[in-house]
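Notes for the one structure printed next.
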Amino acid sequence: MEFNVKDGLLRLSPKRRTLKELAARLGMNEPNDMIELSETLKECIEEGSIVEIDGRYSDPKRIGAYFGALRGNKKGFAFLIRDDGGEDLFVPYSNMNGAIHGDKVFATIVKGDEAKVVSIVKRGVSEIVGTYYRKNNRGFIVPDGNNFAGNFFVAPIKGKKIAGNSKVVAKLTFNGKARPEAVITEVIGKNGERRSDVLAILKSYGFFNTFDERVYREIKTLNGIKEGERKDFCDMLTVTIDGDDSKDLDDAISLVKNGESYDLYVHIADVSHYVRRGSVLDKEALKRATSVYFPSSVFPMLPPEISNGICSLNEGEKRLTLTARMRVDKKGDVIDSELYESRILNDARMTYKNVEKILSGDRELQGRYERVTPMIFLMKELADILRKKRESRGYIDFDTKESKITLDERGDVLCIEPYPYLSSNGIIEEFMLLANETVAEFMANLEYPFIYRVHERPDSDKMRDFAKFAEGCGLTLGVKEVHSGALRKLLKEAEGKPIEPIISKVMLRSMKKARYTTDNLGHFGLATDNYCHFTSPIRRYPDLMIHRIVKMMLNGKLDGDAAKRLEAELPDIAEKSSERERSAESAERDIDDYYKALYMSDKVGDAYEGTVSGVTGFAIFVELDNTVEGAIRIENLPRDRYVFEEDKYRIVGIEHSYALGDRVKIIVSSTDLDARRVNFEIDEENA
């Protein structure tokens with residue numbers, strides 16, 4: 001049935017056919033046949049293989065229709081992001097035909113790369129976040145962000161008054177009207193208040209700061225530590241190393257040296273013991289799929305009673321864990337490994353700063369942590385070996401600058417600076433990478449259903465563009481077939497030069513994005529054939545799911561029907577986790593931008609020096625040494641006749657030119673909290 005509809009009938013003729021006509025041609029006359037045909041057509045439409053327009057069905061290729069999602073703009077137009085990976089299509093406001101940002105649609109070409117929407121397949125946005133206003137006894141919402149044009153009128157709410165200038169969440173209702181109406185479901189707070197503005201950003205990406213009441217009832221029924229069939233490591237010296245403010249401690253380390261080799265134990269909180277598949281807790285966790293971290297706070301994937309409580313590997317408390325034991329030789333090769341359901345006791349809750357001081361010779365701290373200090377130095381020894389091994393393998397170490405934003409008690413920004421990266425951070429990073437790789441290889445060899453973390457090879461066209469840019473900076477890629485080792489060598493060549501962070505940024509933009517999938521496609525950036533996320537089940541759903549799979553394997557329950565069920569459900573979990581990860585990254589970036597605009601709002605007129613971090617046809621972007629980035633539109637650059645040279649990432653005029661990596665002096669000209677934007681202008685007097 002499905003094969004005939006998708007691959008046979010509709011390709012015989014460009015003529016669009018009704019449901020009855022299709023049924024007649026297929027000889028389907030029974031009522032149940034019509035239901036089956038209708039359901040099959042619906043599935044085909046949702047996957048983009050068939051288009052329905054005004055009750056008639058056709059093959060999209062026959063009528064030149066393209067399938068994808070709309071990315072809207074405040075000015076009313078949108079771009080169709082095509083599912084087939086082709087070039088984006090421009091859709092002017094007059095051709096939207098009732099579609100809005102996020103909708104899955106079919107569109108046909110009008111002229112050039114301009115298109116019009118011919119069919120709305122699925123509404124992509126059911127809720128909006130914005131500011132509620134009243135005018136002439138009518139309420140309306142101005143949506144946050146840059147994806148929606150105009151306002152949404154609010155349906156009257158009986159017996160409920162909402163103050164104007166309130167941040168709200170509203171559900172969109174599509175009643176066949178050209179413009180959907182909004183029904184307010186939550187009042188976040190007053191527009192302009194720090195807490196309200198930040199919550200609005202998070203809620204606009206679908207994240208929640210509350211849990212269903214049923215979750216807390218379920219938590220009360222959970223059982224704590226039970227003696228049972230677990231490997232007991234409570235007598236083995238074990239430590240956690242995290243940030244000063246971390247409360248959700250999900251990984252601990254034990255390390256013993258045996259002759260020429262090292263026995264590394266990576267203990268990970270066994271969240272799956274408490275969060276059972278299909279439970280209320282589990283459904284709430286999957287809905288979020290990740291925790292979202294932002295200055296001074298977090299929206300957790302799991303309630304604090306779980307993430308900071310019974311699952312957190314707190315000092316002096318026994319905890320249930322999954323342990324990956326890896327025997328590593330002096331070359332950094334894993335020569336033996338094993339996975340256990342385990343139990344541990346955390347002997348010391350260490351911080352990156354204190355570990356760094358111990359390694360630097362702080363006698364007072366070495367004395368305070370006398371029992372663990374020898375293991376700290378042994379950890380550094382092994383981490384150096386592992387890092388050297390990864391470097392020889394060709395992994396890419398991007399020089400990305402993260403921001404550390406410090407707030408006071410009122411939520412105002414005290415300071416913004418690059419996030420300090422210590423060698424102690426690198427120790428834990430090496431051990432987590434090794435554990436993730438070891439678990440992925442272990443499961444790949446057994447060929448069980450699994451969720452991998454993959455990073456595919458970059459597109460050749462993007463790599464050619466990057467190679468041209470690198471050559472313009474005096475660097476040479478030097479290979480026809482790009483591999484991670486060649487890119488690492490290029491970064492090494494740029495190390496210590498002013499261009500280093502820019503080369504790293506452009507290279508990163510040229511890469512594909514890492515994602516979750518059930519297909520083991522390898523990890524290009526880490527130069528490994530097998531990789532997964534095993535080490536953070538408190539804050540990432542794929543890790544939690546992987547723990548369940550590993551435990552099923554260890555207990556001999558991963559065969560037959562269980563394996564088939566996993567094969568059916570894992571692809572959706574992987575896709576959902578990838579989507580929620582991207583949303584979390586966007587939310588975190590938007591919140592950082594909000595605080596940066598807030599921090600710079602009383603610095604208008606101040607002069608700074610920064611680095612050109614981006615060049616487009618309409619503006620250049622400058623990043624200050626404190627990580628704040630601002631825009632200078634072309635019309636606000638010193639007067640000149642500018643030409644945008646896209647392939648060289650620069651704007652060139654007769655007297656002035658600006659290219660990626662250039663150091664420039666700027667003046668802060670304005671800030672916009674609503675748009676989360678900082679604007680600069682060139683300091684011509686001191687240029």
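By order in the structure tokens, chains are A, B, ...; within a chain, residues start at 1; ligands start at 1, following the order shown.
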**Q.** Residues of region 285-330 of chain A in strand (DSSP E or B), written as number ranges by chain
**A.** A: 290, 292-294, 297-299, 315, 318-328
As a compact mmCIF listing (two decimals) with N, CA, C and O atoms, in the first residue's frame, please: every residue in region 412-501 of chain A that DSSP puts in alpha helix (DSSP H).
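Result saved to out.txt:
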# COMPACT_ATOMS: atom_id res chain seq x y z
N SER A 423 44.25 23.47 34.40
CA SER A 423 44.72 22.12 34.04
C SER A 423 43.90 21.06 34.76
O SER A 423 43.74 19.94 34.26
N SER A 424 43.33 21.40 35.93
CA SER A 424 42.49 20.45 36.66
C SER A 424 41.20 20.18 35.90
O SER A 424 40.66 19.07 35.97
N ASN A 425 40.67 21.19 35.17
CA ASN A 425 39.53 20.93 34.28
C ASN A 425 39.90 19.89 33.24
O ASN A 425 39.10 19.01 32.89
N GLY A 426 41.12 20.00 32.72
CA GLY A 426 41.59 19.08 31.69
C GLY A 426 41.70 17.65 32.18
O GLY A 426 41.50 16.71 31.41
N ILE A 427 42.03 17.46 33.46
CA ILE A 427 42.13 16.10 34.02
C ILE A 427 40.79 15.39 33.92
O ILE A 427 40.69 14.27 33.39
N ILE A 428 39.74 16.05 34.42
CA ILE A 428 38.41 15.43 34.39
C ILE A 428 37.93 15.26 32.96
O ILE A 428 37.31 14.25 32.61
N GLU A 429 38.21 16.23 32.10
CA GLU A 429 37.81 16.13 30.70
C GLU A 429 38.42 14.89 30.05
O GLU A 429 37.71 14.14 29.35
N GLU A 430 39.70 14.64 30.29
CA GLU A 430 40.35 13.46 29.70
C GLU A 430 39.71 12.17 30.18
O GLU A 430 39.47 11.25 29.39
N PHE A 431 39.41 12.10 31.48
CA PHE A 431 38.84 10.87 32.03
C PHE A 431 37.42 10.64 31.52
O PHE A 431 37.03 9.49 31.25
N MET A 432 36.64 11.71 31.39
CA MET A 432 35.27 11.55 30.88
C MET A 432 35.28 11.15 29.40
O MET A 432 34.50 10.30 28.97
N LEU A 433 36.17 11.76 28.62
CA LEU A 433 36.29 11.39 27.21
C LEU A 433 36.64 9.92 27.06
O LEU A 433 36.06 9.20 26.23
N LEU A 434 37.57 9.45 27.89
CA LEU A 434 37.99 8.04 27.81
C LEU A 434 36.85 7.11 28.19
O LEU A 434 36.63 6.09 27.53
N ALA A 435 36.11 7.46 29.24
CA ALA A 435 34.98 6.62 29.66
C ALA A 435 33.90 6.57 28.57
O ALA A 435 33.37 5.50 28.25
N ASN A 436 33.58 7.71 28.00
CA ASN A 436 32.56 7.76 26.94
C ASN A 436 32.98 6.93 25.73
O ASN A 436 32.16 6.21 25.14
N GLU A 437 34.24 7.03 25.37
CA GLU A 437 34.73 6.27 24.22
C GLU A 437 34.76 4.77 24.51
O GLU A 437 34.39 3.95 23.66
N THR A 438 35.18 4.43 25.72
CA THR A 438 35.28 3.01 26.09
C THR A 438 33.91 2.35 26.11
O THR A 438 33.73 1.23 25.60
N VAL A 439 32.91 3.01 26.68
CA VAL A 439 31.56 2.46 26.74
C VAL A 439 30.98 2.31 25.33
O VAL A 439 30.36 1.29 25.00
N ALA A 440 31.20 3.32 24.49
CA ALA A 440 30.68 3.25 23.11
C ALA A 440 31.32 2.10 22.34
O ALA A 440 30.62 1.36 21.63
N GLU A 441 32.62 1.92 22.49
CA GLU A 441 33.30 0.83 21.79
C GLU A 441 32.83 -0.52 22.30
O GLU A 441 32.61 -1.47 21.53
N PHE A 442 32.65 -0.62 23.62
CA PHE A 442 32.17 -1.85 24.25
C PHE A 442 30.83 -2.26 23.66
O PHE A 442 30.62 -3.41 23.26
N MET A 443 29.89 -1.30 23.57
CA MET A 443 28.55 -1.60 23.08
C MET A 443 28.52 -1.79 21.57
O MET A 443 27.74 -2.60 21.05
N ALA A 444 29.37 -1.06 20.85
CA ALA A 444 29.42 -1.21 19.39
C ALA A 444 29.89 -2.61 19.01
O ALA A 444 29.38 -3.22 18.06
N ASN A 445 30.85 -3.14 19.76
CA ASN A 445 31.36 -4.49 19.49
C ASN A 445 30.29 -5.55 19.71
O ASN A 445 30.29 -6.59 19.05
N LEU A 446 29.39 -5.29 20.65
CA LEU A 446 28.31 -6.24 20.93
C LEU A 446 27.12 -6.07 19.98
O LEU A 446 26.22 -6.91 19.95
N SER A 460 32.82 19.15 1.98
CA SER A 460 34.03 19.50 1.23
C SER A 460 34.02 20.96 0.78
O SER A 460 35.06 21.63 0.78
N ASP A 461 32.83 21.48 0.39
CA ASP A 461 32.74 22.87 -0.06
C ASP A 461 33.11 23.82 1.08
O ASP A 461 33.84 24.81 0.88
N LYS A 462 32.61 23.55 2.27
CA LYS A 462 32.92 24.41 3.41
C LYS A 462 34.39 24.32 3.78
O LYS A 462 35.00 25.32 4.20
N MET A 463 34.96 23.15 3.63
CA MET A 463 36.38 23.00 3.92
C MET A 463 37.25 23.73 2.90
O MET A 463 38.29 24.29 3.24
N ARG A 464 36.80 23.75 1.64
CA ARG A 464 37.54 24.49 0.62
C ARG A 464 37.52 25.99 0.94
O ARG A 464 38.53 26.69 0.83
N ASP A 465 36.33 26.48 1.37
CA ASP A 465 36.23 27.89 1.75
C ASP A 465 37.11 28.19 2.95
O ASP A 465 37.77 29.24 3.01
N PHE A 466 37.13 27.27 3.91
CA PHE A 466 37.96 27.49 5.09
C PHE A 466 39.44 27.49 4.72
O PHE A 466 40.23 28.30 5.22
N ALA A 467 39.82 26.58 3.82
CA ALA A 467 41.23 26.50 3.39
C ALA A 467 41.67 27.81 2.73
O ALA A 467 42.78 28.30 2.97
N LYS A 468 40.76 28.40 1.92
CA LYS A 468 41.08 29.69 1.28
C LYS A 468 41.27 30.78 2.33
O LYS A 468 42.18 31.61 2.24
N PHE A 469 40.39 30.79 3.34
CA PHE A 469 40.50 31.78 4.40
C PHE A 469 41.82 31.61 5.15
O PHE A 469 42.50 32.59 5.45
N ALA A 470 42.16 30.35 5.47
CA ALA A 470 43.40 30.08 6.20
C ALA A 470 44.61 30.55 5.40
O ALA A 470 45.56 31.12 5.95
N GLU A 471 44.56 30.30 4.08
CA GLU A 471 45.67 30.75 3.22
C GLU A 471 45.80 32.26 3.25
O GLU A 471 46.91 32.81 3.25
N GLY A 472 44.65 32.97 3.29
CA GLY A 472 44.68 34.42 3.37
C GLY A 472 45.27 34.92 4.68
O GLY A 472 45.71 36.06 4.77
N SER A 484 40.99 15.15 10.51
CA SER A 484 41.08 15.91 11.76
C SER A 484 42.52 16.24 12.10
O SER A 484 42.81 17.31 12.65
N GLY A 485 43.44 15.35 11.77
CA GLY A 485 44.85 15.60 12.08
C GLY A 485 45.39 16.83 11.35
O GLY A 485 46.16 17.61 11.91
N ALA A 486 44.97 17.01 10.09
CA ALA A 486 45.42 18.17 9.32
C ALA A 486 44.87 19.46 9.91
O ALA A 486 45.57 20.48 9.98
N LEU A 487 43.62 19.42 10.36
CA LEU A 487 43.03 20.61 10.97
C LEU A 487 43.70 20.92 12.31
O LEU A 487 43.93 22.09 12.65
N ARG A 488 44.03 19.88 13.05
CA ARG A 488 44.73 20.09 14.32
C ARG A 488 46.10 20.71 14.08
O ARG A 488 46.53 21.62 14.80
N LYS A 489 46.78 20.24 13.05
CA LYS A 489 48.10 20.78 12.72
C LYS A 489 48.01 22.26 12.36
O LYS A 489 48.87 23.06 12.74
N LEU A 490 46.94 22.63 11.65
CA LEU A 490 46.73 24.03 11.28
C LEU A 490 46.52 24.89 12.54
O LEU A 490 47.08 25.98 12.66
N LEU A 491 45.70 24.39 13.48
CA LEU A 491 45.49 25.12 14.73
C LEU A 491 46.79 25.27 15.51
O LEU A 491 47.04 26.30 16.14
N LYS A 492 47.62 24.25 15.45
CA LYS A 492 48.91 24.30 16.13
C LYS A 492 49.80 25.37 15.51
O LYS A 492 50.53 26.09 16.20
N GLU A 493 49.71 25.48 14.18
CA GLU A 493 50.50 26.49 13.47
C GLU A 493 50.05 27.91 13.84
O GLU A 493 50.86 28.84 13.89
N ALA A 494 48.75 28.05 14.15
CA ALA A 494 48.21 29.37 14.50
C ALA A 494 48.38 29.69 15.98
O ALA A 494 48.17 30.83 16.40
N GLU A 500 44.81 33.19 16.09
CA GLU A 500 44.44 31.87 16.61
C GLU A 500 42.95 31.74 16.94
O GLU A 500 42.28 30.81 16.46
N PRO A 501 42.36 32.62 17.78
CA PRO A 501 40.94 32.44 18.11
C PRO A 501 40.01 32.58 16.91
O PRO A 501 38.96 31.94 16.85
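Of the residues under consideration (A:Thr185, A:Ala200, A:Phe534, A:Lys231), A:Ala200 shows the shortest atom-to-atom contact distance to Ala587 (chain A) when counting only C-alpha atoms.
The shortest atom-to-atom distance to Asp144 (chain A), with only C-alpha atoms taken into account, belongs to A:Asp674 out of A:Glu481, A:Asp674, A:Tyr352, A:Leu302.
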Q: Quote the spacing between CA of Cys415 (chain A) and CA of Lys603 (chain A) in Å to one decimal place.
A: 12.7 Å
